[in-house]
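> The following block contains the structure, expressed as structure tokens.
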Amino acid sequence: MSTAFGIRESVSSPQVNARRPLQVNHEGGVAGAARPPRHRFARLIVRRVVIPLASLALVGCETQRMTSATDPAAPKDTPERTASAGELGATASTTRATGTTLGGPLAGLDAGQLARFEAGRAEFMEVDGVREGLGPVFNDASCVTCHNAPVGGTTGRVETRFGLLAGGQFDALERFGGSLLQDRAVGEVAAGAGTFTYVPEVVPIAANVRAGRVTTPLFGLGLVDAVPDRTFQLLARLEAFYSPATAGRPNVVSEIRTGVTRVGRFGWKAQEPTLHQFAGEALLNEMGVTNPEFPEENCPNGDCSKLAFNPVPAMNDDGTSVERSTDFMTLLGPPPRKGSSYLSVYGELVFASAGCANCHTPALVTGPNGNPALSNKVFFPYSDFLLHDMGALGDGIAQGRAGPNEMRTTPLWGLTAHSTFLHDGRAKSIDEAIRAHGGQGAISRSRYGRMDFFSRAALQAFLRSL
Ligand code: HEC
Ligand code: HEC
């Protein structure tokens with residue numbers, strides 16, 4: 001019972017501290033059992049009535065304090081709001097998307113879809129060699145090397161982007177192999193009568209920006225793929241109306257398959273519009289495997305003459321690998337939500353009143369989809385997938401419409417599945433990650449800084465429950 005109500009986590013609260021002996025006895029089990037029934041009844045009343053009421057009162061004070069008129073960005077008469085699932089397309093027939101286990105498929109797939117999930121998972125785990133087209137320069141030989149723990153997640157592998165930022169203009173230094181660095185190479189290959197040695201790329205001297213990019217987990221992204229572009233455009237408009245100081249904007253990118261301009265939503269800069277396109281892009285840029293939408297091999301550090309020694313110059317993948325890994329990612333379920341505790345329920349209110357939900361949008365809704373498991377579903381990523389100016393936290397790299405300071409709001413579901421946070425992994429705790437928010441995130445950061453210890457603990461308990 002104590003876990004169900006989150007009492008164990010709330011020992012820092014003054015009210016709960018007063019009852020601490022009760023709780024400790026209960027957790028120990030023995031002392032609790034020896035007590036007469038009257039005491040057990042009293043304990044029940046404290047847990048179910050006194051603590052909830054006292055904490056609700058606290059929430060009220062906290063909410064009022066956080067949106068008080070002393071905060072210029074949140075005048076009392078224009079309270080911030082978060083777009084609701086209803087506004088984003090949920091109707092009476094919308095149902096909730098569910099996963100199975102972390103790393104498992106979406107719930108409710110039929111046998112054919114499960115077979116596609118498994119075949120896609122096998123492809124995602126396949127280790128490519130030089131004969132399959134790996135390299136000449138690459139970052140790793142398999143998707144799972146970086147997206148693992150469990151398969152589809154993240155090992156925390158950090159890769160490097162570089163460029164030249166001068167007078168506000170970003171140059172990706174493509175002539176030197178930018179902006180993504182390939183930090184491995186296939187080494188020695190046969191070249192005519194002799195050999196040629198491919199070496200890993202290095203950051204060129206011309207670069208004045210060097211940014212780390214952590215591998216992101218892929219759980220639940222099939223749902224994000226299934227959200228119509230117009231929903232993100234609408235969400236940007238609603239944010240501009242409800243919470244202008246923190247409003248985001250969509251990245252706008254080209255979908256290679258159709259030639260259509262789309263809303264980007266994948267990657268730290270929302271630089272890719274679909275899982276399919278990201279799979280092709282990753283196959284080329286992470287592994288050096290050319291494929292129909294990405295047919296040009298990367299020139300090592302920009303020197304295309306070196307491609308003369310490419311051991312497998314023909315198209316490396318006919319599109320089959322791209323399709324299969326897309327299947328895996330599309331059908332990969334969202335992280336299962338942990339049970340909510342009393343503390344985390346309180347934390348959710350703190351989350352909203354600190355303005356976190358302005359960008360970390362709780363609920364999104366998919367459009368009609370050929371796959372019933374993805375069609376008209378509401379899901380809870382805690383992200384708007386839009387770009388926000390994060391001030392000094394930005395990584396200095398521009399991609400698509402995303403400027404150097406702009407970053408995509410990171411989804412907060414499954415937060416406990418990894419141990420480093422933010423785009424370059426600089427934060428080792430959730431607390432550090434929040435305190436690093438700058439630019440449009442600065443208001444939330446200072447609200448967090450002003451919170452009492454109990455509210456902060458509740459907020460973190462909530463984040464860990466997602
Ligand atoms: C060397 C490590 C590495 C390998 C190998 C790798 N990835 Fe990634 N992946 C990353 C990193 C780093 C990011 C974040 C990229 C960015 O936005 O700059 C990422 C992001 C992604 C995303 C975007 C997810 C999101 O949060 O929006 C998808 C999809 C993806 N990878 C799929 C794949 C697939 C499919 C493969 C295999 C073909 C693959 N990756 C191989 C490191 C890797
Ligand atoms: C203005 C929009 C905005 C607001 C408001 C905001 N965030 Fe964020 N948040 C972001 C963006 C963008 C990132 C990614 C930044 C980066 O990595 O460079 C992020 C990253 C995070 C991360 C790191 C996640 C990870 O896996 O790396 C956490 C945790 C987080 N935010 C929590 C919060 C909390 C809690 C609040 C409220 C106190 C909040 N955020 C308010 C936009 C926002």
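In the structure tokens, the first chain shown is A, the next is B, and so on; residue numbers restart at 1 for each chain, and ligands run from 1 in the order shown.
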Could you give me, as JSON lines, a per-residue list for chain A showing, wherever an atom lies at most 8 Å from an atom of ligand 2, the closest pair of atoms and their distance in Å to one decimal, using only C-alpha atoms and all ligand atoms and sorting by chain then residue number from low to high?

{"residue": "A:Ala245", "atom": "CA", "partner": "ligand 2", "partner_atom_place_in_ligand_line": "1 (C)", "distance": 8.0}
{"residue": "A:Thr246", "atom": "CA", "partner": "ligand 2", "partner_atom_place_in_ligand_line": "1 (C)", "distance": 4.5}
{"residue": "A:Ala247", "atom": "CA", "partner": "ligand 2", "partner_atom_place_in_ligand_line": "1 (C)", "distance": 6.8}
{"residue": "A:Gly248", "atom": "CA", "partner": "ligand 2", "partner_atom_place_in_ligand_line": "1 (C)", "distance": 7.2}
{"residue": "A:Trp268", "atom": "CA", "partner": "ligand 2", "partner_atom_place_in_ligand_line": "17 (O)", "distance": 7.4}
{"residue": "A:Phe351", "atom": "CA", "partner": "ligand 2", "partner_atom_place_in_ligand_line": "37 (C)", "distance": 5.9}
{"residue": "A:Ala352", "atom": "CA", "partner": "ligand 2", "partner_atom_place_in_ligand_line": "37 (C)", "distance": 7.8}
{"residue": "A:Ala354", "atom": "CA", "partner": "ligand 2", "partner_atom_place_in_ligand_line": "38 (C)", "distance": 5.4}
{"residue": "A:Gly355", "atom": "CA", "partner": "ligand 2", "partner_atom_place_in_ligand_line": "5 (C)", "distance": 5.4}
{"residue": "A:Cys356", "atom": "CA", "partner": "ligand 2", "partner_atom_place_in_ligand_line": "37 (C)", "distance": 3.4}
{"residue": "A:Ala357", "atom": "CA", "partner": "ligand 2", "partner_atom_place_in_ligand_line": "5 (C)", "distance": 6.8}
{"residue": "A:Asn358", "atom": "CA", "partner": "ligand 2", "partner_atom_place_in_ligand_line": "5 (C)", "distance": 5.7}
{"residue": "A:Cys359", "atom": "CA", "partner": "ligand 2", "partner_atom_place_in_ligand_line": "2 (C)", "distance": 4.3}
{"residue": "A:His360", "atom": "CA", "partner": "ligand 2", "partner_atom_place_in_ligand_line": "7 (N)", "distance": 6.1}
{"residue": "A:Leu387", "atom": "CA", "partner": "ligand 2", "partner_atom_place_in_ligand_line": "12 (C)", "distance": 6.6}
{"residue": "A:His388", "atom": "CA", "partner": "ligand 2", "partner_atom_place_in_ligand_line": "12 (C)", "distance": 5.4}
{"residue": "A:Asp389", "atom": "CA", "partner": "ligand 2", "partner_atom_place_in_ligand_line": "1 (C)", "distance": 7.0}
{"residue": "A:Met390", "atom": "CA", "partner": "ligand 2", "partner_atom_place_in_ligand_line": "12 (C)", "distance": 6.2}
{"residue": "A:Leu393", "atom": "CA", "partner": "ligand 2", "partner_atom_place_in_ligand_line": "18 (O)", "distance": 5.4}
{"residue": "A:Gly394", "atom": "CA", "partner": "ligand 2", "partner_atom_place_in_ligand_line": "18 (O)", "distance": 5.4}
{"residue": "A:Asp395", "atom": "CA", "partner": "ligand 2", "partner_atom_place_in_ligand_line": "18 (O)", "distance": 6.7}
{"residue": "A:Glu406", "atom": "CA", "partner": "ligand 2", "partner_atom_place_in_ligand_line": "12 (C)", "distance": 7.1}
{"residue": "A:Met407", "atom": "CA", "partner": "ligand 2", "partner_atom_place_in_ligand_line": "12 (C)", "distance": 4.6}
{"residue": "A:Arg408", "atom": "CA", "partner": "ligand 2", "partner_atom_place_in_ligand_line": "12 (C)", "distance": 4.7}
{"residue": "A:Thr409", "atom": "CA", "partner": "ligand 2", "partner_atom_place_in_ligand_line": "12 (C)", "distance": 3.6}
{"residue": "A:Thr410", "atom": "CA", "partner": "ligand 2", "partner_atom_place_in_ligand_line": "13 (C)", "distance": 4.8}
{"residue": "A:Pro411", "atom": "CA", "partner": "ligand 2", "partner_atom_place_in_ligand_line": "24 (C)", "distance": 6.8}
{"residue": "A:Leu412", "atom": "CA", "partner": "ligand 2", "partner_atom_place_in_ligand_line": "24 (C)", "distance": 5.9}
{"residue": "A:Leu415", "atom": "CA", "partner": "ligand 2", "partner_atom_place_in_ligand_line": "26 (O)", "distance": 5.8}
{"residue": "A:His418", "atom": "CA", "partner": "ligand 2", "partner_atom_place_in_ligand_line": "26 (O)", "distance": 7.5}
{"residue": "A:Thr420", "atom": "CA", "partner": "ligand 2", "partner_atom_place_in_ligand_line": "27 (O)", "distance": 6.8}
{"residue": "A:Phe421", "atom": "CA", "partner": "ligand 2", "partner_atom_place_in_ligand_line": "27 (O)", "distance": 3.4}
{"residue": "A:Leu422", "atom": "CA", "partner": "ligand 2", "partner_atom_place_in_ligand_line": "17 (O)", "distance": 3.3}
{"residue": "A:His423", "atom": "CA", "partner": "ligand 2", "partner_atom_place_in_ligand_line": "17 (O)", "distance": 3.7}
{"residue": "A:Asp424", "atom": "CA", "partner": "ligand 2", "partner_atom_place_in_ligand_line": "17 (O)", "distance": 6.8}
{"residue": "A:Gly425", "atom": "CA", "partner": "ligand 2", "partner_atom_place_in_ligand_line": "27 (O)", "distance": 7.1}
{"residue": "A:Ala427", "atom": "CA", "partner": "ligand 2", "partner_atom_place_in_ligand_line": "27 (O)", "distance": 7.8}
{"residue": "A:Ile430", "atom": "CA", "partner": "ligand 2", "partner_atom_place_in_ligand_line": "29 (C)", "distance": 4.9}
{"residue": "A:Asp431", "atom": "CA", "partner": "ligand 2", "partner_atom_place_in_ligand_line": "29 (C)", "distance": 7.3}
{"residue": "A:Ala433", "atom": "CA", "partner": "ligand 2", "partner_atom_place_in_ligand_line": "23 (C)", "distance": 5.3}
{"residue": "A:Ile434", "atom": "CA", "partner": "ligand 2", "partner_atom_place_in_ligand_line": "32 (C)", "distance": 5.2}
{"residue": "A:His437", "atom": "CA", "partner": "ligand 2", "partner_atom_place_in_ligand_line": "8 (Fe)", "distance": 6.6}
{"residue": "A:Gly439", "atom": "CA", "partner": "ligand 2", "partner_atom_place_in_ligand_line": "1 (C)", "distance": 7.2}
{"residue": "A:Gln440", "atom": "CA", "partner": "ligand 2", "partner_atom_place_in_ligand_line": "1 (C)", "distance": 4.2}
{"residue": "A:Gly441", "atom": "CA", "partner": "ligand 2", "partner_atom_place_in_ligand_line": "1 (C)", "distance": 4.0}
{"residue": "A:Ala442", "atom": "CA", "partner": "ligand 2", "partner_atom_place_in_ligand_line": "5 (C)", "distance": 7.4}
{"residue": "A:Ile443", "atom": "CA", "partner": "ligand 2", "partner_atom_place_in_ligand_line": "5 (C)", "distance": 7.0}
{"residue": "A:Ser444", "atom": "CA", "partner": "ligand 2", "partner_atom_place_in_ligand_line": "38 (C)", "distance": 4.6}
{"residue": "A:Arg445", "atom": "CA", "partner": "ligand 2", "partner_atom_place_in_ligand_line": "38 (C)", "distance": 5.5}
{"residue": "A:Arg447", "atom": "CA", "partner": "ligand 2", "partner_atom_place_in_ligand_line": "38 (C)", "distance": 6.9}
{"residue": "A:Tyr448", "atom": "CA", "partner": "ligand 2", "partner_atom_place_in_ligand_line": "38 (C)", "distance": 5.4}
{"residue": "A:Leu459", "atom": "CA", "partner": "ligand 2", "partner_atom_place_in_ligand_line": "35 (C)", "distance": 6.9}
{"residue": "A:Gln460", "atom": "CA", "partner": "ligand 2", "partner_atom_place_in_ligand_line": "35 (C)", "distance": 7.5}
{"residue": "A:Leu463", "atom": "CA", "partner": "ligand 2", "partner_atom_place_in_ligand_line": "35 (C)", "distance": 7.3}
> Tell me, counting only C-alpha atoms and all ligand atoms, for each residue of chain A within 8 Å of ligand 1, which pair of atoms is nearest and how far apart they are in Å to one decimal, in rows ordered by chain and increasing number, as a Markdown table.

| residue | atom | partner | partner_atom_place_in_ligand_line | distance |
| --- | --- | --- | --- | --- |
| A:Phe124 | CA | ligand 1 | 37 (C) | 6.1 |
| A:Phe138 | CA | ligand 1 | 1 (C) | 7.8 |
| A:Asn139 | CA | ligand 1 | 1 (C) | 4.3 |
| A:Asp140 | CA | ligand 1 | 5 (C) | 4.5 |
| A:Ala141 | CA | ligand 1 | 5 (C) | 6.1 |
| A:Ser142 | CA | ligand 1 | 5 (C) | 5.1 |
| A:Cys143 | CA | ligand 1 | 37 (C) | 3.5 |
| A:Val144 | CA | ligand 1 | 5 (C) | 6.7 |
| A:Thr145 | CA | ligand 1 | 5 (C) | 5.8 |
| A:Cys146 | CA | ligand 1 | 2 (C) | 4.4 |
| A:His147 | CA | ligand 1 | 7 (N) | 6.3 |
| A:Arg157 | CA | ligand 1 | 2 (C) | 6.1 |
| A:Val158 | CA | ligand 1 | 12 (C) | 5.7 |
| A:Glu159 | CA | ligand 1 | 12 (C) | 5.3 |
| A:Arg161 | CA | ligand 1 | 18 (O) | 7.7 |
| A:Arg213 | CA | ligand 1 | 12 (C) | 5.1 |
| A:Val214 | CA | ligand 1 | 12 (C) | 4.6 |
| A:Thr215 | CA | ligand 1 | 11 (C) | 3.5 |
| A:Thr216 | CA | ligand 1 | 26 (O) | 4.8 |
| A:Pro217 | CA | ligand 1 | 26 (O) | 6.0 |
| A:Leu218 | CA | ligand 1 | 24 (C) | 5.4 |
| A:Leu221 | CA | ligand 1 | 25 (C) | 7.3 |
| A:Arg265 | CA | ligand 1 | 27 (O) | 6.4 |
| A:Phe266 | CA | ligand 1 | 27 (O) | 3.2 |
| A:Gly267 | CA | ligand 1 | 17 (O) | 3.3 |
| A:Trp268 | CA | ligand 1 | 17 (O) | 3.9 |
| A:Lys269 | CA | ligand 1 | 17 (O) | 6.0 |
| A:Ala270 | CA | ligand 1 | 27 (O) | 6.8 |
| A:Gln271 | CA | ligand 1 | 17 (O) | 7.2 |
| A:Glu272 | CA | ligand 1 | 27 (O) | 7.9 |
| A:Thr274 | CA | ligand 1 | 29 (C) | 8.0 |
| A:Leu275 | CA | ligand 1 | 29 (C) | 5.2 |
| A:His276 | CA | ligand 1 | 29 (C) | 7.9 |
| A:Phe278 | CA | ligand 1 | 29 (C) | 5.1 |
| A:Ala279 | CA | ligand 1 | 35 (C) | 4.1 |
| A:Gly280 | CA | ligand 1 | 38 (C) | 6.8 |
| A:Glu281 | CA | ligand 1 | 38 (C) | 7.7 |
| A:Ala282 | CA | ligand 1 | 38 (C) | 4.9 |
| A:Leu283 | CA | ligand 1 | 38 (C) | 4.0 |
| A:Leu284 | CA | ligand 1 | 38 (C) | 7.8 |
| A:Glu286 | CA | ligand 1 | 5 (C) | 4.9 |
| A:Met287 | CA | ligand 1 | 5 (C) | 6.1 |
| A:Ser321 | CA | ligand 1 | 38 (C) | 7.8 |
| A:Val322 | CA | ligand 1 | 38 (C) | 7.2 |
| A:Ser325 | CA | ligand 1 | 35 (C) | 5.4 |
| A:Thr326 | CA | ligand 1 | 35 (C) | 6.6 |
| A:Met329 | CA | ligand 1 | 29 (C) | 7.2 |
| A:Thr410 | CA | ligand 1 | 26 (O) | 7.8 |
> Please save N, CA and C atoms of the selected residues as a short mmCIF file (atom, residue, chain, number, x, y, z; two decimals), in the first residue's frame.

data_model
loop_
_atom_site.label_atom_id
_atom_site.label_comp_id
_atom_site.auth_asym_id
_atom_site.auth_seq_id
_atom_site.Cartn_x
_atom_site.Cartn_y
_atom_site.Cartn_z
N PHE A 124 17.46 -4.74 -37.77
CA PHE A 124 17.99 -3.65 -36.95
C PHE A 124 19.24 -4.12 -36.18
N PHE A 138 32.35 5.43 -41.32
CA PHE A 138 31.08 5.11 -40.68
C PHE A 138 31.20 5.39 -39.18
N ASN A 139 30.08 5.21 -38.46
CA ASN A 139 30.14 5.39 -37.00
C ASN A 139 30.03 4.06 -36.26
N ASP A 140 29.17 3.17 -36.76
CA ASP A 140 29.12 1.82 -36.19
C ASP A 140 28.52 0.88 -37.20
N ALA A 141 28.64 -0.44 -36.95
CA ALA A 141 28.32 -1.43 -37.97
C ALA A 141 26.90 -1.96 -37.89
N SER A 142 26.12 -1.47 -36.91
CA SER A 142 24.76 -1.97 -36.74
C SER A 142 23.94 -0.93 -36.00
N CYS A 143 22.65 -0.85 -36.31
CA CYS A 143 21.79 0.10 -35.58
C CYS A 143 21.83 -0.19 -34.07
N VAL A 144 21.84 -1.49 -33.75
CA VAL A 144 21.70 -1.86 -32.34
C VAL A 144 22.93 -1.50 -31.50
N THR A 145 24.07 -1.27 -32.17
CA THR A 145 25.26 -0.90 -31.40
C THR A 145 25.00 0.37 -30.59
N CYS A 146 24.25 1.29 -31.19
CA CYS A 146 23.96 2.55 -30.48
C CYS A 146 22.56 2.53 -29.85
N HIS A 147 21.60 1.91 -30.56
CA HIS A 147 20.21 1.86 -30.06
C HIS A 147 19.97 0.54 -29.35
N ARG A 157 25.60 6.38 -26.62
CA ARG A 157 26.69 6.67 -27.58
C ARG A 157 26.56 8.12 -28.07
N VAL A 158 27.64 8.86 -27.98
CA VAL A 158 27.63 10.26 -28.41
C VAL A 158 28.40 10.37 -29.73
N GLU A 159 27.81 11.01 -30.70
CA GLU A 159 28.57 11.29 -31.91
C GLU A 159 28.79 12.80 -32.05
N ARG A 161 29.03 16.44 -34.27
CA ARG A 161 28.73 17.29 -35.42
C ARG A 161 29.65 18.50 -35.35
N ARG A 213 26.22 14.72 -29.86
CA ARG A 213 24.81 14.33 -30.05
C ARG A 213 24.63 12.91 -29.52
N VAL A 214 23.83 12.81 -28.48
CA VAL A 214 23.57 11.50 -27.87
C VAL A 214 22.55 10.72 -28.71
N THR A 215 22.72 9.42 -28.77
CA THR A 215 21.75 8.54 -29.43
C THR A 215 20.42 8.62 -28.70
N THR A 216 19.34 8.81 -29.45
CA THR A 216 18.02 8.91 -28.83
C THR A 216 17.33 7.54 -28.84
N PRO A 217 16.51 7.25 -27.83
CA PRO A 217 15.75 5.99 -27.85
C PRO A 217 14.60 6.07 -28.85
N LEU A 218 14.19 4.94 -29.40
CA LEU A 218 13.22 4.93 -30.50
C LEU A 218 11.84 4.42 -30.08
N LEU A 221 8.03 5.60 -31.45
CA LEU A 221 8.12 6.63 -32.49
C LEU A 221 7.20 6.37 -33.69
N ARG A 265 10.29 15.96 -37.55
CA ARG A 265 9.94 15.60 -36.18
C ARG A 265 10.93 14.65 -35.53
N PHE A 266 11.86 14.09 -36.32
CA PHE A 266 12.82 13.13 -35.74
C PHE A 266 14.22 13.72 -35.71
N GLY A 267 14.96 13.34 -34.67
CA GLY A 267 16.31 13.85 -34.48
C GLY A 267 16.30 15.05 -33.53
N TRP A 268 17.46 15.42 -33.00
CA TRP A 268 17.57 16.50 -32.01
C TRP A 268 17.12 17.84 -32.56
N LYS A 269 17.12 17.97 -33.91
CA LYS A 269 16.70 19.22 -34.54
C LYS A 269 15.42 19.02 -35.33
N ALA A 270 14.71 17.92 -35.09
CA ALA A 270 13.50 17.61 -35.86
C ALA A 270 13.82 17.67 -37.35
N GLN A 271 14.99 17.11 -37.71
CA GLN A 271 15.50 17.31 -39.08
C GLN A 271 14.99 16.31 -40.09
N GLU A 272 14.27 15.27 -39.65
CA GLU A 272 13.74 14.29 -40.60
C GLU A 272 12.23 14.14 -40.41
N THR A 274 10.13 11.50 -41.47
CA THR A 274 9.53 10.16 -41.29
C THR A 274 10.58 9.17 -40.76
N LEU A 275 10.09 8.10 -40.18
CA LEU A 275 11.00 7.04 -39.73
C LEU A 275 11.69 6.40 -40.93
N HIS A 276 10.92 6.27 -42.03
CA HIS A 276 11.48 5.68 -43.25
C HIS A 276 12.69 6.48 -43.72
N PHE A 278 14.51 8.56 -41.95
CA PHE A 278 15.59 8.51 -40.97
C PHE A 278 16.36 7.20 -41.11
N ALA A 279 15.64 6.11 -41.38
CA ALA A 279 16.31 4.81 -41.51
C ALA A 279 17.29 4.84 -42.67
N GLY A 280 16.89 5.42 -43.80
CA GLY A 280 17.78 5.51 -44.96
C GLY A 280 18.97 6.41 -44.66
N GLU A 281 18.68 7.51 -43.99
CA GLU A 281 19.72 8.48 -43.66
C GLU A 281 20.73 7.86 -42.68
N ALA A 282 20.20 7.11 -41.69
CA ALA A 282 21.09 6.48 -40.70
C ALA A 282 21.93 5.39 -41.35
N LEU A 283 21.30 4.64 -42.25
CA LEU A 283 22.03 3.57 -42.93
C LEU A 283 23.24 4.16 -43.65
N LEU A 284 23.04 5.29 -44.32
CA LEU A 284 24.17 5.93 -45.02
C LEU A 284 25.13 6.59 -44.03
N GLU A 286 25.40 6.66 -40.61
CA GLU A 286 25.97 5.97 -39.45
C GLU A 286 26.79 4.76 -39.88
N MET A 287 26.36 4.12 -40.98
CA MET A 287 27.00 2.86 -41.35
C MET A 287 27.71 2.90 -42.71
N SER A 321 16.62 -3.26 -46.45
CA SER A 321 17.04 -2.99 -45.06
C SER A 321 16.30 -1.78 -44.51
N VAL A 322 16.15 -0.77 -45.36
CA VAL A 322 15.45 0.45 -44.92
C VAL A 322 14.02 0.09 -44.52
N SER A 325 13.96 -2.09 -41.16
CA SER A 325 14.19 -1.39 -39.89
C SER A 325 13.09 -0.36 -39.64
N THR A 326 12.50 0.16 -40.72
CA THR A 326 11.35 1.07 -40.52
C THR A 326 10.19 0.30 -39.88
N MET A 329 10.80 -0.04 -36.15
CA MET A 329 10.61 1.20 -35.39
C MET A 329 9.13 1.60 -35.36
N THR A 410 12.69 17.44 -26.20
CA THR A 410 12.93 16.01 -26.01
C THR A 410 11.72 15.36 -25.37
#
> Can you pull out every residue from region 174-367 of chain A that DSSP, working from the backbone, puts in strand (DSSP E), and format the result as a count of residues only?
30
> List the neighbours of Pro362 (chain A) out to 8 Å using only C-alpha atoms; skip same-chain residues closer than 4 positions along the sequence, and give me the result as number ranges by chain.
A: 357, 380-383
> Quick one, how far is CA of Leu106 (chain A) from CA of Glu239 (chain A)?
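Going from CA of Leu106 (chain A) over to CA of Glu239 (chain A) covers 29.7 Å.
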> Using only C-alpha atoms, pick whichever of A:Gly89, A:Gly163, A:Gly112, A:Gly168 has the shortest atom-to-atom distance to Asp327 (chain A).
A:Gly112
